[in-house]
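A.B. asks: Sending over upload-v9.txt (compact mmCIF, N, CA and C atoms).
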```
# COMPACT_ATOMS: atom_id res chain seq x y z
N MET A 456 98.41 104.88 121.40
CA MET A 456 98.71 104.88 119.98
C MET A 456 99.11 103.47 119.58
N GLU A 457 98.67 103.06 118.40
CA GLU A 457 98.96 101.74 117.85
C GLU A 457 99.73 101.93 116.54
N THR A 458 100.61 100.98 116.24
CA THR A 458 101.35 101.02 114.98
C THR A 458 101.16 99.69 114.26
N ARG A 459 100.89 99.78 112.96
CA ARG A 459 100.77 98.60 112.12
C ARG A 459 101.74 98.74 110.96
N GLY A 460 102.19 97.60 110.44
CA GLY A 460 103.15 97.63 109.34
C GLY A 460 104.55 97.85 109.86
N PHE A 461 105.52 97.82 108.98
CA PHE A 461 106.90 97.97 109.44
C PHE A 461 107.79 98.76 108.49
N LEU A 462 107.32 99.08 107.32
CA LEU A 462 108.15 99.74 106.33
C LEU A 462 108.04 101.25 106.49
N ALA A 463 109.16 101.88 106.86
CA ALA A 463 109.17 103.33 107.09
C ALA A 463 110.49 103.91 106.59
N PRO A 464 110.67 103.95 105.27
CA PRO A 464 111.94 104.47 104.74
C PRO A 464 112.13 105.94 105.08
N GLU A 465 113.36 106.27 105.43
CA GLU A 465 113.68 107.65 105.84
C GLU A 465 114.11 108.53 104.68
N THR A 466 114.78 107.95 103.70
CA THR A 466 115.33 108.73 102.59
C THR A 466 114.83 108.18 101.26
N ARG A 467 115.09 108.91 100.20
CA ARG A 467 114.73 108.42 98.87
C ARG A 467 115.50 107.13 98.57
N ALA A 468 116.78 107.09 98.93
CA ALA A 468 117.58 105.88 98.70
C ALA A 468 117.00 104.68 99.45
N ASP A 469 116.58 104.89 100.70
CA ASP A 469 115.93 103.82 101.48
C ASP A 469 114.64 103.37 100.79
N THR A 470 113.90 104.33 100.25
CA THR A 470 112.65 104.02 99.56
C THR A 470 112.92 103.15 98.34
N VAL A 471 113.88 103.56 97.53
CA VAL A 471 114.22 102.81 96.31
C VAL A 471 114.70 101.40 96.68
N ASP A 472 115.57 101.30 97.68
CA ASP A 472 116.06 99.98 98.11
C ASP A 472 114.92 99.07 98.56
N ALA A 473 114.03 99.61 99.39
CA ALA A 473 112.91 98.80 99.90
C ALA A 473 111.99 98.39 98.76
N PHE A 474 111.72 99.32 97.86
CA PHE A 474 110.84 99.04 96.73
C PHE A 474 111.44 97.96 95.83
N GLU A 475 112.70 98.10 95.51
CA GLU A 475 113.35 97.12 94.65
C GLU A 475 113.44 95.75 95.31
N SER A 476 113.55 95.72 96.62
CA SER A 476 113.62 94.44 97.33
C SER A 476 112.30 93.67 97.26
N MET A 477 111.23 94.35 96.88
CA MET A 477 109.91 93.71 96.77
C MET A 477 109.75 92.91 95.48
N GLU A 478 110.63 93.12 94.51
CA GLU A 478 110.49 92.47 93.20
C GLU A 478 110.42 90.94 93.29
N PRO A 479 111.35 90.27 93.98
CA PRO A 479 111.26 88.80 94.04
C PRO A 479 109.96 88.32 94.70
N ALA A 480 109.54 88.99 95.75
CA ALA A 480 108.30 88.59 96.41
C ALA A 480 107.10 88.81 95.48
N ALA A 481 107.09 89.90 94.76
CA ALA A 481 106.00 90.18 93.83
C ALA A 481 105.95 89.12 92.73
N GLN A 482 107.10 88.71 92.25
CA GLN A 482 107.15 87.66 91.22
C GLN A 482 106.62 86.34 91.78
N THR A 483 107.03 86.00 92.99
CA THR A 483 106.59 84.76 93.61
C THR A 483 105.09 84.77 93.87
N VAL A 484 104.59 85.86 94.41
CA VAL A 484 103.15 85.96 94.69
C VAL A 484 102.36 85.85 93.39
N THR A 485 102.80 86.56 92.37
CA THR A 485 102.10 86.52 91.09
C THR A 485 102.10 85.11 90.51
N LYS A 486 103.23 84.45 90.57
CA LYS A 486 103.34 83.08 90.05
C LYS A 486 102.42 82.12 90.82
N GLU A 487 102.42 82.24 92.14
CA GLU A 487 101.59 81.34 92.96
C GLU A 487 100.10 81.60 92.75
N VAL A 488 99.72 82.85 92.58
CA VAL A 488 98.32 83.17 92.32
C VAL A 488 97.92 82.59 90.96
N ALA A 489 98.78 82.71 89.97
CA ALA A 489 98.49 82.13 88.65
C ALA A 489 98.35 80.62 88.74
N LYS A 490 99.19 79.98 89.55
CA LYS A 490 99.07 78.52 89.76
C LYS A 490 97.72 78.18 90.40
N ALA A 491 97.35 78.95 91.41
CA ALA A 491 96.08 78.71 92.10
C ALA A 491 94.89 78.90 91.16
N MET A 492 95.07 79.73 90.16
CA MET A 492 94.01 79.96 89.18
C MET A 492 94.10 78.96 88.02
N ALA A 493 95.05 78.02 88.14
CA ALA A 493 95.22 76.94 87.17
C ALA A 493 95.57 77.43 85.77
N PHE A 494 96.38 78.49 85.68
CA PHE A 494 96.85 78.94 84.38
C PHE A 494 97.79 77.89 83.80
N ASP A 495 97.63 77.57 82.53
CA ASP A 495 98.63 76.73 81.87
C ASP A 495 99.76 77.66 81.40
N ARG A 496 100.80 77.10 80.83
CA ARG A 496 101.98 77.91 80.45
C ARG A 496 101.62 79.03 79.48
N GLU A 497 100.79 78.71 78.50
CA GLU A 497 100.44 79.71 77.50
C GLU A 497 99.64 80.85 78.13
N GLU A 498 98.66 80.49 78.96
CA GLU A 498 97.85 81.52 79.61
C GLU A 498 98.72 82.35 80.56
N TYR A 499 99.63 81.70 81.25
CA TYR A 499 100.55 82.41 82.15
C TYR A 499 101.34 83.45 81.36
N ARG A 500 101.92 83.04 80.23
CA ARG A 500 102.72 83.97 79.40
C ARG A 500 101.86 85.12 78.89
N ASP A 501 100.62 84.83 78.52
CA ASP A 501 99.74 85.86 77.98
C ASP A 501 99.24 86.84 79.03
N ARG A 502 98.95 86.33 80.21
CA ARG A 502 98.27 87.15 81.21
C ARG A 502 99.17 87.74 82.28
N VAL A 503 100.24 87.04 82.63
CA VAL A 503 101.13 87.54 83.69
C VAL A 503 102.25 88.34 83.03
N THR A 504 101.92 89.60 82.80
CA THR A 504 102.83 90.52 82.13
C THR A 504 103.71 91.24 83.14
N GLU A 505 104.66 91.99 82.63
CA GLU A 505 105.50 92.82 83.50
C GLU A 505 104.64 93.80 84.29
N GLU A 506 103.59 94.30 83.66
CA GLU A 506 102.68 95.24 84.33
C GLU A 506 101.99 94.58 85.53
N VAL A 507 101.63 93.31 85.39
CA VAL A 507 100.98 92.59 86.48
C VAL A 507 101.94 92.45 87.67
N VAL A 508 103.18 92.08 87.40
CA VAL A 508 104.17 91.94 88.46
C VAL A 508 104.47 93.30 89.09
N THR A 509 104.53 94.34 88.28
CA THR A 509 104.77 95.69 88.80
C THR A 509 103.63 96.12 89.72
N THR A 510 102.41 95.81 89.33
CA THR A 510 101.26 96.14 90.17
C THR A 510 101.34 95.37 91.49
N ALA A 511 101.74 94.12 91.43
CA ALA A 511 101.90 93.33 92.66
C ALA A 511 102.97 93.95 93.56
N ARG A 512 104.07 94.40 92.96
CA ARG A 512 105.14 95.02 93.75
C ARG A 512 104.65 96.31 94.39
N ASP A 513 103.92 97.13 93.63
CA ASP A 513 103.37 98.37 94.18
C ASP A 513 102.46 98.09 95.37
N ALA A 514 101.56 97.13 95.20
CA ALA A 514 100.61 96.79 96.27
C ALA A 514 101.32 96.20 97.48
N LEU A 515 102.31 95.37 97.25
CA LEU A 515 103.06 94.77 98.35
C LEU A 515 103.79 95.85 99.16
N PHE A 516 104.48 96.74 98.47
CA PHE A 516 105.19 97.83 99.13
C PHE A 516 104.22 98.67 99.96
N ALA A 517 103.13 99.10 99.33
CA ALA A 517 102.16 99.95 100.03
C ALA A 517 101.56 99.25 101.24
N SER A 518 101.27 97.96 101.11
CA SER A 518 100.61 97.24 102.20
C SER A 518 101.51 97.01 103.41
N LEU A 519 102.80 97.19 103.23
CA LEU A 519 103.74 96.99 104.34
C LEU A 519 104.16 98.29 105.03
N LEU A 520 103.68 99.43 104.52
CA LEU A 520 104.04 100.71 105.12
C LEU A 520 103.55 100.80 106.56
N GLU A 521 104.38 101.36 107.40
CA GLU A 521 104.06 101.54 108.81
C GLU A 521 103.03 102.67 108.96
N VAL A 522 101.97 102.38 109.68
CA VAL A 522 100.90 103.36 109.91
C VAL A 522 100.63 103.46 111.40
N HIS A 523 100.55 104.68 111.88
CA HIS A 523 100.22 104.94 113.28
C HIS A 523 98.73 105.24 113.38
N LEU A 524 98.12 104.73 114.44
CA LEU A 524 96.70 104.98 114.71
C LEU A 524 96.59 105.61 116.09
N GLY A 525 95.81 106.66 116.17
CA GLY A 525 95.64 107.30 117.47
C GLY A 525 94.51 108.30 117.48
N SER A 526 94.36 108.93 118.60
CA SER A 526 93.32 109.94 118.75
C SER A 526 93.75 111.22 118.02
N LYS A 527 92.82 112.12 117.87
CA LYS A 527 93.12 113.43 117.28
C LYS A 527 94.21 114.12 118.09
N ALA A 528 94.12 114.05 119.42
CA ALA A 528 95.11 114.69 120.29
C ALA A 528 96.49 114.05 120.11
N GLU A 529 96.54 112.73 120.01
CA GLU A 529 97.83 112.05 119.81
C GLU A 529 98.44 112.44 118.46
N PHE A 530 97.61 112.55 117.44
CA PHE A 530 98.09 112.97 116.12
C PHE A 530 98.63 114.40 116.18
N GLU A 531 97.89 115.27 116.83
CA GLU A 531 98.33 116.66 116.94
C GLU A 531 99.63 116.77 117.72
N GLN A 532 99.78 115.96 118.75
CA GLN A 532 101.03 115.95 119.52
C GLN A 532 102.17 115.43 118.64
N TRP A 533 101.90 114.38 117.88
CA TRP A 533 102.93 113.81 117.01
C TRP A 533 103.34 114.82 115.95
N THR A 534 102.37 115.48 115.31
CA THR A 534 102.71 116.44 114.26
C THR A 534 103.45 117.65 114.83
N ALA A 535 103.13 118.04 116.06
CA ALA A 535 103.84 119.16 116.69
C ALA A 535 105.33 118.83 116.84
N GLY A 536 105.64 117.58 117.05
CA GLY A 536 107.03 117.16 117.17
C GLY A 536 107.71 116.89 115.84
N HIS A 537 106.95 117.00 114.76
CA HIS A 537 107.48 116.76 113.41
C HIS A 537 107.06 117.91 112.49
N GLY A 538 107.31 119.12 112.95
CA GLY A 538 106.90 120.32 112.24
C GLY A 538 107.50 120.48 110.87
N ASP A 539 108.55 119.70 110.56
CA ASP A 539 109.18 119.79 109.25
C ASP A 539 108.40 119.03 108.18
N LEU A 540 107.37 118.30 108.57
CA LEU A 540 106.57 117.52 107.62
C LEU A 540 105.23 118.21 107.35
N ALA A 541 104.91 118.39 106.08
CA ALA A 541 103.62 118.97 105.70
C ALA A 541 102.54 117.89 105.86
N VAL A 542 101.46 118.24 106.52
CA VAL A 542 100.38 117.28 106.78
C VAL A 542 99.39 117.29 105.63
N ASN A 543 99.15 116.11 105.07
CA ASN A 543 98.14 115.92 104.03
C ASN A 543 97.03 115.08 104.67
N LEU A 544 96.05 115.75 105.27
CA LEU A 544 94.98 115.09 106.02
C LEU A 544 93.72 115.03 105.18
N GLU A 545 93.20 113.81 105.00
CA GLU A 545 91.95 113.59 104.27
C GLU A 545 90.87 113.22 105.28
N GLY A 546 89.67 113.71 105.05
CA GLY A 546 88.56 113.40 105.93
C GLY A 546 88.06 114.62 106.67
N ASN A 547 87.21 114.39 107.62
CA ASN A 547 86.59 115.45 108.40
C ASN A 547 87.42 115.71 109.65
N GLU A 548 87.86 116.93 109.82
CA GLU A 548 88.71 117.27 110.96
C GLU A 548 88.03 117.09 112.31
N HIS A 549 86.71 116.97 112.33
CA HIS A 549 85.98 116.80 113.58
C HIS A 549 85.87 115.34 114.02
N VAL A 550 86.29 114.43 113.18
CA VAL A 550 86.28 113.00 113.53
C VAL A 550 87.39 112.77 114.55
N ASP A 551 87.17 111.86 115.49
CA ASP A 551 88.04 111.76 116.66
C ASP A 551 89.30 110.91 116.53
N ARG A 552 89.49 110.16 115.43
CA ARG A 552 90.67 109.31 115.33
C ARG A 552 91.43 109.62 114.04
N ARG A 553 92.73 109.27 114.06
CA ARG A 553 93.60 109.52 112.91
C ARG A 553 94.46 108.30 112.63
N ALA A 554 94.77 108.11 111.36
CA ALA A 554 95.76 107.14 110.92
C ALA A 554 96.75 107.92 110.07
N TRP A 555 98.07 107.70 110.28
CA TRP A 555 99.04 108.49 109.52
C TRP A 555 100.33 107.71 109.26
N HIS A 556 100.99 108.15 108.19
CA HIS A 556 102.28 107.58 107.79
C HIS A 556 103.19 108.72 107.37
N PRO A 557 104.32 108.90 108.07
CA PRO A 557 105.26 109.94 107.69
C PRO A 557 106.12 109.51 106.50
N ILE A 558 106.40 110.45 105.62
CA ILE A 558 107.26 110.22 104.46
C ILE A 558 108.35 111.29 104.50
N PRO A 559 109.39 111.09 105.31
CA PRO A 559 110.43 112.11 105.46
C PRO A 559 111.08 112.53 104.14
N ALA A 560 111.28 111.61 103.23
CA ALA A 560 111.93 111.93 101.95
C ALA A 560 111.09 112.89 101.12
N ALA A 561 109.79 112.93 101.36
CA ALA A 561 108.89 113.85 100.67
C ALA A 561 108.50 115.03 101.56
N GLU A 562 109.06 115.07 102.76
CA GLU A 562 108.76 116.10 103.75
C GLU A 562 107.25 116.22 103.97
N ALA A 563 106.60 115.06 104.11
CA ALA A 563 105.15 115.03 104.24
C ALA A 563 104.71 113.91 105.16
N VAL A 564 103.46 114.01 105.56
CA VAL A 564 102.79 112.93 106.29
C VAL A 564 101.41 112.75 105.67
N ALA A 565 101.11 111.52 105.27
CA ALA A 565 99.79 111.19 104.75
C ALA A 565 98.93 110.77 105.94
N ALA A 566 97.72 111.31 106.02
CA ALA A 566 96.86 111.02 107.16
C ALA A 566 95.40 111.01 106.74
N VAL A 567 94.60 110.24 107.48
CA VAL A 567 93.15 110.21 107.29
C VAL A 567 92.48 110.22 108.66
N THR A 568 91.26 110.71 108.65
CA THR A 568 90.44 110.65 109.86
C THR A 568 89.56 109.42 109.76
N PHE A 569 89.19 108.88 110.93
CA PHE A 569 88.25 107.76 110.96
C PHE A 569 87.60 107.68 112.32
N HIS A 570 86.43 107.11 112.33
CA HIS A 570 85.73 106.90 113.60
C HIS A 570 85.80 105.44 113.99
N GLU A 571 85.48 104.56 113.05
CA GLU A 571 85.54 103.12 113.23
C GLU A 571 86.33 102.55 112.06
N GLN A 572 86.52 101.26 112.04
CA GLN A 572 87.18 100.54 110.96
C GLN A 572 88.65 100.97 110.75
N PRO A 573 89.48 100.71 111.74
CA PRO A 573 90.89 101.07 111.61
C PRO A 573 91.59 100.34 110.46
N ASP A 574 91.15 99.13 110.13
CA ASP A 574 91.78 98.42 109.02
C ASP A 574 91.61 99.19 107.72
N ALA A 575 90.42 99.72 107.50
CA ALA A 575 90.16 100.51 106.29
C ALA A 575 90.98 101.80 106.30
N ALA A 576 91.12 102.42 107.47
CA ALA A 576 91.92 103.64 107.57
C ALA A 576 93.38 103.36 107.25
N VAL A 577 93.91 102.26 107.76
CA VAL A 577 95.30 101.89 107.49
C VAL A 577 95.50 101.68 105.99
N ALA A 578 94.62 100.92 105.38
CA ALA A 578 94.74 100.65 103.94
C ALA A 578 94.63 101.93 103.13
N THR A 579 93.77 102.84 103.54
CA THR A 579 93.62 104.11 102.83
C THR A 579 94.89 104.94 102.92
N VAL A 580 95.46 105.04 104.11
CA VAL A 580 96.70 105.81 104.28
C VAL A 580 97.83 105.18 103.45
N GLN A 581 97.92 103.87 103.46
CA GLN A 581 98.97 103.20 102.70
C GLN A 581 98.83 103.50 101.21
N ARG A 582 97.62 103.41 100.68
CA ARG A 582 97.42 103.70 99.25
C ARG A 582 97.72 105.16 98.95
N GLN A 583 97.27 106.07 99.81
CA GLN A 583 97.53 107.49 99.58
C GLN A 583 99.02 107.81 99.65
N ALA A 584 99.68 107.25 100.64
CA ALA A 584 101.12 107.50 100.77
C ALA A 584 101.86 107.02 99.53
N PHE A 585 101.49 105.84 99.06
CA PHE A 585 102.17 105.31 97.87
C PHE A 585 101.83 106.14 96.64
N GLY A 586 100.54 106.35 96.39
CA GLY A 586 100.12 107.03 95.18
C GLY A 586 100.51 108.49 95.10
N ARG A 587 100.50 109.18 96.21
CA ARG A 587 100.78 110.62 96.21
C ARG A 587 102.24 110.97 96.46
N PHE A 588 102.94 110.12 97.18
CA PHE A 588 104.30 110.50 97.58
C PHE A 588 105.38 109.52 97.11
N TYR A 589 105.22 108.25 97.42
CA TYR A 589 106.26 107.29 97.06
C TYR A 589 106.39 107.12 95.56
N ARG A 590 105.27 107.13 94.82
CA ARG A 590 105.33 106.99 93.37
C ARG A 590 106.21 108.08 92.79
N GLU A 591 106.04 109.31 93.26
CA GLU A 591 106.84 110.43 92.78
C GLU A 591 108.32 110.25 93.13
N LEU A 592 108.59 109.82 94.35
CA LEU A 592 109.98 109.57 94.76
C LEU A 592 110.62 108.49 93.89
N LEU A 593 109.86 107.45 93.59
CA LEU A 593 110.40 106.34 92.80
C LEU A 593 110.58 106.69 91.33
N ASP A 594 109.79 107.64 90.85
CA ASP A 594 109.87 108.03 89.44
C ASP A 594 110.95 109.06 89.16
N GLN A 595 111.58 109.59 90.21
CA GLN A 595 112.66 110.57 90.01
C GLN A 595 113.86 109.85 89.39
N ASP A 596 114.58 110.59 88.56
CA ASP A 596 115.78 110.00 87.92
C ASP A 596 116.90 109.84 88.86
```
In structure tokens, what does this structure look like?
C.D. replies:
Amino acid sequence: METRGFLAPETRADTVDAFESMEPAAQTVTKEVAKAMAFDREEYRDRVTEEVVTTARDALFASLLEVHLGSKAEFEQWTAGHGDLAVNLEGNEHVDRRAWHPIPAAEAVAAVTFHEQPDAAVATVQRQAFGRFYRELLDQD
């Protein structure tokens, strides 16, 4: 089994803290990208909106999520030891490899099947985990 990424919040509070900690990095990345694109001050003000920085923060958070990669058997063994998490598996169950990210605060695990291209599988799980589970956790009052 292989693991990529490092962000694995256990609780909603951990999730909120980690997400909020991404704000300065998202602002810096957005500013540096705008510089590389040679935006002048006016264009920067017009184009680099709060929504742009928020999107950068969302993408940064998702891209750092910890994802496990393994065989179907390794995934099944892992899920057997985490029976309290509902499995949200996308893909064909007959495919031999899995990528997954547990979200304990949502009592779920986001997972995909893949045969080749583990990088694509990791990115897919990260986007699914963020869009389906973390977004909801972050939007709670």
A.B. asks: Which neighbours of A:Val580 fall inside 7 Å, counting all atoms listed in the file, when residues of the same chain fewer than 2 positions from it are skipped, and could you give them as a short mmCIF file (atom, residue, chain, number, x, y, z; two decimals) with N, CA and C atoms, in the coordinates of the input?
C.D. replies:
```
data_model
loop_
_atom_site.label_atom_id
_atom_site.label_comp_id
_atom_site.auth_asym_id
_atom_site.auth_seq_id
_atom_site.Cartn_x
_atom_site.Cartn_y
_atom_site.Cartn_z
N ALA A 554 94.77 108.11 111.36
CA ALA A 554 95.76 107.14 110.92
C ALA A 554 96.75 107.92 110.07
N TRP A 555 98.07 107.70 110.28
CA TRP A 555 99.04 108.49 109.52
C TRP A 555 100.33 107.71 109.26
N HIS A 556 100.99 108.15 108.19
CA HIS A 556 102.28 107.58 107.79
C HIS A 556 103.19 108.72 107.37
N ALA A 565 101.11 111.52 105.27
CA ALA A 565 99.79 111.19 104.75
C ALA A 565 98.93 110.77 105.94
N ALA A 566 97.72 111.31 106.02
CA ALA A 566 96.86 111.02 107.16
C ALA A 566 95.40 111.01 106.74
N VAL A 567 94.60 110.24 107.48
CA VAL A 567 93.15 110.21 107.29
C VAL A 567 92.48 110.22 108.66
N ALA A 575 90.42 99.72 107.50
CA ALA A 575 90.16 100.51 106.29
C ALA A 575 90.98 101.80 106.30
N ALA A 576 91.12 102.42 107.47
CA ALA A 576 91.92 103.64 107.57
C ALA A 576 93.38 103.36 107.25
N VAL A 577 93.91 102.26 107.76
CA VAL A 577 95.30 101.89 107.49
C VAL A 577 95.50 101.68 105.99
N ALA A 578 94.62 100.92 105.38
CA ALA A 578 94.74 100.65 103.94
C ALA A 578 94.63 101.93 103.13
N ARG A 582 97.62 103.41 100.68
CA ARG A 582 97.42 103.70 99.25
C ARG A 582 97.72 105.16 98.95
N GLN A 583 97.27 106.07 99.81
CA GLN A 583 97.53 107.49 99.58
C GLN A 583 99.02 107.81 99.65
N ALA A 584 99.68 107.25 100.64
CA ALA A 584 101.12 107.50 100.77
C ALA A 584 101.86 107.02 99.53
N PHE A 585 101.49 105.84 99.06
CA PHE A 585 102.17 105.31 97.87
C PHE A 585 101.83 106.14 96.64
#
```
A.B. asks: Let me know the centre plus edge lengths, in Å and rounded to one decimal, of a box with edges along x, y and z that contains all listed atoms of stretch 518-529 of chain A and is padded by 4 Å on every side, as lines of an AutoDock Vina configuration file.
C.D. replies:
```
center_x = 98.6
center_y = 105.8
center_z = 110.7
size_x = 19.6
size_y = 25.7
size_z = 27.2
```
A.B. asks: Atom N of A:Glu545 and atom C of A:Met477 are how many Å apart?
C.D. replies: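 That distance, rounded to one decimal, is 28.3 Å.
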A.B. asks: Can you list, as number ranges by chain, every residue of chain A that DSSP puts in alpha helix (DSSP H)?
C.D. replies: A: 467-476, 478-491, 496-502, 505-518, 527-535, 573-583, 590-594
A.B. asks: Quick one, how far is atom N of A:Ser518 from atom N of A:Gln581?
C.D. replies: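 Distance reported for this atom pair: 7.2 Å.
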A.B. asks: Tell me which of A:Val484, A:Ala468, A:Ala560, A:Leu593 sits closest to A:Ala511, counting only C-alpha atoms.
C.D. replies: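 Of A:Val484, A:Ala468, A:Ala560, A:Leu593, the one nearest A:Ala511 is A:Val484, counting only C-alpha atoms.
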A.B. asks: Between atom CA of A:Glu571 and atom C of A:Val550, what distance in Å does the model show, to one decimal?
C.D. replies: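 Going from atom CA of A:Glu571 over to atom C of A:Val550, I get 9.9 Å.
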A.B. asks: Identify which of the residues A:Glu465, A:Lys527, A:Ala517, A:Val522 lies closest to A:Gly586, counting all atoms listed in the file when measuring atom-to-atom distances.
C.D. replies: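 Closest to A:Gly586, using all atoms listed in the file: A:Ala517.
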A.B. asks: From the set A:His537, A:Arg590, A:His549, A:His523, which residue has the shortest atom-to-atom contact distance to A:Glu457, counting only C-alpha atoms?
C.D. replies: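 So, comparing all the options, the nearest one is A:His523.
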A.B. asks: Taking into account only C-alpha atoms, which residue in the set A:Trp533, A:Phe516, A:Phe494, A:Phe461 is nearest to A:Glu475?
C.D. replies: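 Ranking A:Trp533, A:Phe516, A:Phe494, A:Phe461 by distance to A:Glu475, first place goes to A:Phe516.
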A.B. asks: Please identify all polymer residues within 7 Å of A:Gly460, counting all atoms listed in the file, omitting same-chain residues fewer than 2 positions from it, and present them as a count of residues only.
C.D. replies: 8
A.B. asks: Restricting the calculation to only N, CA and C atoms, which member of A:Ala541, A:Pro479, A:Ala561, A:Asp574 is positioned closest to A:Phe588?
C.D. replies: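 So, comparing all the options, the nearest one is A:Ala561.
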A.B. asks: DSSP on the backbone, then: every residue of chain A marked strand (DSSP E), written as JSON, numbers by chain.
C.D. replies: {"A": [457, 458, 459, 522, 523, 524, 525, 526, 541, 542, 543, 544, 545, 552, 553, 554, 555, 556, 557, 558, 563, 564, 565, 566, 567, 568, 569]}
A.B. asks: Give me, as a VMD selection string, all polymer residues having an atom no more than 12 Å from A:Glu548, counting only C-alpha atoms and skipping those fewer than 6 positions away in the same chain.
C.D. replies: chain A and resid 526 to 528 530 to 531 566 to 570
A.B. asks: Using only C-alpha atoms, which of A:Ala563, A:Leu540, A:Val471, A:Leu515 sits nearest A:Thr483?
C.D. replies: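 Of the candidates, the smallest distance to A:Thr483 is held by A:Leu515.
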